[in-house]
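**Student:** Got a structure for you, written out below as structure tokens; questions coming shortly.
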Amino acid sequence: MLAIAGGKGGSGKTTTTLGLASALDGPVLAVDADRDMPNLHAMAGVERPGDAAADGPAGEPSVRAHPTDPTVSVLPAPAG
């Protein structure tokens, strides 16, 4: 497990996360734990939880496949 963290916005944490996820060999799950400005879903090109069609059973957020890298899955931060 790798954690990319920092207190300053705009320093490249999300970009680094997606870059590392694509560079690592094998299946990777990238998880967005940013409660203030979650945007991993936007950079990865997947739907964000909160959209009823995008949620899993009982409205739970679910893992989404990265549209261009089959080895990377994304778990977006929930809305709210």
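Note on naming: chains are A, B, ... as they come in the structure tokens, residues start from 1 per chain, ligands start from 1 in the order shown.
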List the spatial neighbours of stretch 66-80 of chain A as an MDAnalysis selection string - criterion: any atom at most 7 Å away, only C-alpha atoms, same-chain residues fewer than 6 positions off excluded.
**Tutor:** chainID A and resid 21:22 26:34 38 40:41 44:46 48:50
**Student:** Among chain A, which residues carry a DSSP assignment of helix (DSSP H, G or I), reported as a ChimeraX atom specification?
**Tutor:** /A:13-23,40-44,57-59
**Student:** Which value, in Å to one decimal, gives the distance between atom CA of A:Gly7 and atom CA of A:Ala65?
**Tutor:**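 Computing the Euclidean distance for atom CA of A:Gly7 and atom CA of A:Ala65 yields 27.8 Å.
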**Student:** Give me the residues near A:Met43 as a VMD selection string, where near means some atom within 9 Å (using only C-alpha atoms) and where sequence neighbours in that chain fewer than 4 positions away do not count.
**Tutor:** chain A and resid 14 to 15 18 39
**Student:** Extract the full set of strand (DSSP E) residues from chain A according to DSSP on the backbone, and format it as a list of chain:residue names.
**Tutor:**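 Answer for chain A restricted to strand (DSSP E) is A:Val28, A:Leu29, A:Ala30, A:Val31, A:Arg64, A:Ala65, A:Val72, A:Ser73, A:Val74, A:Leu75.
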**Student:** Print the selection's residues with all heavy atoms to a file, as a PDB file, in the first residue's frame.
**Tutor:**
ATOM      1  N   VAL A  28      -4.130  -2.658  -9.746  1.00  0.00           N
ATOM      2  CA  VAL A  28      -3.966  -1.600  -8.755  1.00  0.00           C
ATOM      3  C   VAL A  28      -5.329  -0.974  -8.471  1.00  0.00           C
ATOM      4  O   VAL A  28      -6.112  -0.749  -9.388  1.00  0.00           O
ATOM      5  CB  VAL A  28      -2.999  -0.504  -9.273  1.00  0.00           C
ATOM      6  CG1 VAL A  28      -2.882   0.636  -8.290  1.00  0.00           C
ATOM      7  CG2 VAL A  28      -1.626  -1.098  -9.566  1.00  0.00           C
ATOM      8  N   LEU A  29      -5.579  -0.682  -7.207  1.00  0.00           N
ATOM      9  CA  LEU A  29      -6.782   0.045  -6.806  1.00  0.00           C
ATOM     10  C   LEU A  29      -6.352   1.406  -6.288  1.00  0.00           C
ATOM     11  O   LEU A  29      -5.628   1.494  -5.299  1.00  0.00           O
ATOM     12  CB  LEU A  29      -7.552  -0.708  -5.722  1.00  0.00           C
ATOM     13  CG  LEU A  29      -8.768   0.019  -5.135  1.00  0.00           C
ATOM     14  CD1 LEU A  29      -9.813   0.274  -6.215  1.00  0.00           C
ATOM     15  CD2 LEU A  29      -9.358  -0.780  -3.985  1.00  0.00           C
ATOM     16  N   ALA A  30      -6.767   2.478  -6.964  1.00  0.00           N
ATOM     17  CA  ALA A  30      -6.499   3.853  -6.528  1.00  0.00           C
ATOM     18  C   ALA A  30      -7.734   4.347  -5.784  1.00  0.00           C
ATOM     19  O   ALA A  30      -8.839   4.330  -6.324  1.00  0.00           O
ATOM     20  CB  ALA A  30      -6.192   4.749  -7.720  1.00  0.00           C
ATOM     21  N   VAL A  31      -7.546   4.773  -4.541  1.00  0.00           N
ATOM     22  CA  VAL A  31      -8.655   5.187  -3.690  1.00  0.00           C
ATOM     23  C   VAL A  31      -8.527   6.673  -3.398  1.00  0.00           C
ATOM     24  O   VAL A  31      -7.466   7.143  -2.985  1.00  0.00           O
ATOM     25  CB  VAL A  31      -8.650   4.396  -2.359  1.00  0.00           C
ATOM     26  CG1 VAL A  31      -9.795   4.847  -1.463  1.00  0.00           C
ATOM     27  CG2 VAL A  31      -8.737   2.905  -2.626  1.00  0.00           C
ATOM     28  N   ARG A  64     -14.671   1.510  -9.877  1.00  0.00           N
ATOM     29  CA  ARG A  64     -14.874   1.694 -11.311  1.00  0.00           C
ATOM     30  C   ARG A  64     -13.585   1.344 -12.054  1.00  0.00           C
ATOM     31  O   ARG A  64     -12.497   1.623 -11.564  1.00  0.00           O
ATOM     32  CB  ARG A  64     -15.217   3.152 -11.640  1.00  0.00           C
ATOM     33  CG  ARG A  64     -16.670   3.506 -11.371  1.00  0.00           C
ATOM     34  CD  ARG A  64     -16.716   4.321 -10.112  1.00  0.00           C
ATOM     35  NE  ARG A  64     -17.985   5.027  -9.958  1.00  0.00           N
ATOM     36  CZ  ARG A  64     -18.849   4.716  -9.021  1.00  0.00           C
ATOM     37  NH1 ARG A  64     -18.627   3.722  -8.219  1.00  0.00           N
ATOM     38  NH2 ARG A  64     -19.947   5.409  -8.872  1.00  0.00           N
ATOM     39  N   ALA A  65     -13.709   0.779 -13.223  1.00  0.00           N
ATOM     40  CA  ALA A  65     -12.548   0.470 -14.047  1.00  0.00           C
ATOM     41  C   ALA A  65     -12.067   1.741 -14.727  1.00  0.00           C
ATOM     42  O   ALA A  65     -12.858   2.547 -15.197  1.00  0.00           O
ATOM     43  CB  ALA A  65     -12.908  -0.573 -15.090  1.00  0.00           C
ATOM     44  N   VAL A  72      -5.878  -0.713 -13.776  1.00  0.00           N
ATOM     45  CA  VAL A  72      -6.170   0.259 -12.731  1.00  0.00           C
ATOM     46  C   VAL A  72      -7.675   0.331 -12.485  1.00  0.00           C
ATOM     47  O   VAL A  72      -8.455   0.473 -13.404  1.00  0.00           O
ATOM     48  CB  VAL A  72      -5.645   1.666 -13.091  1.00  0.00           C
ATOM     49  CG1 VAL A  72      -6.034   2.688 -12.043  1.00  0.00           C
ATOM     50  CG2 VAL A  72      -4.132   1.634 -13.270  1.00  0.00           C
ATOM     51  N   SER A  73      -8.046   0.219 -11.209  1.00  0.00           N
ATOM     52  CA  SER A  73      -9.430   0.440 -10.777  1.00  0.00           C
ATOM     53  C   SER A  73      -9.429   1.658  -9.865  1.00  0.00           C
ATOM     54  O   SER A  73      -8.433   1.946  -9.183  1.00  0.00           O
ATOM     55  CB  SER A  73      -9.959  -0.765 -10.022  1.00  0.00           C
ATOM     56  OG  SER A  73      -9.994  -1.895 -10.855  1.00  0.00           O
ATOM     57  N   VAL A  74     -10.541   2.373  -9.844  1.00  0.00           N
ATOM     58  CA  VAL A  74     -10.640   3.610  -9.070  1.00  0.00           C
ATOM     59  C   VAL A  74     -11.829   3.519  -8.118  1.00  0.00           C
ATOM     60  O   VAL A  74     -12.925   3.125  -8.524  1.00  0.00           O
ATOM     61  CB  VAL A  74     -10.810   4.830 -10.000  1.00  0.00           C
ATOM     62  CG1 VAL A  74     -10.999   6.109  -9.219  1.00  0.00           C
ATOM     63  CG2 VAL A  74      -9.618   4.953 -10.939  1.00  0.00           C
ATOM     64  N   LEU A  75     -11.596   3.883  -6.855  1.00  0.00           N
ATOM     65  CA  LEU A  75     -12.675   4.008  -5.881  1.00  0.00           C
ATOM     66  C   LEU A  75     -12.795   5.494  -5.542  1.00  0.00           C
ATOM     67  O   LEU A  75     -12.018   6.033  -4.767  1.00  0.00           O
ATOM     68  CB  LEU A  75     -12.408   3.200  -4.615  1.00  0.00           C
ATOM     69  CG  LEU A  75     -13.485   3.273  -3.546  1.00  0.00           C
ATOM     70  CD1 LEU A  75     -14.827   2.764  -4.078  1.00  0.00           C
ATOM     71  CD2 LEU A  75     -13.078   2.500  -2.318  1.00  0.00           C
TER      72      LEU A  75
END
**Student:** Go ahead and compute the interatomic distance for atom CA of A:Leu20 and atom CA of A:Met37, in Å to one decimal.
**Tutor:**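 Result for atom CA of A:Leu20 versus atom CA of A:Met37: 20.1 Å, one decimal.
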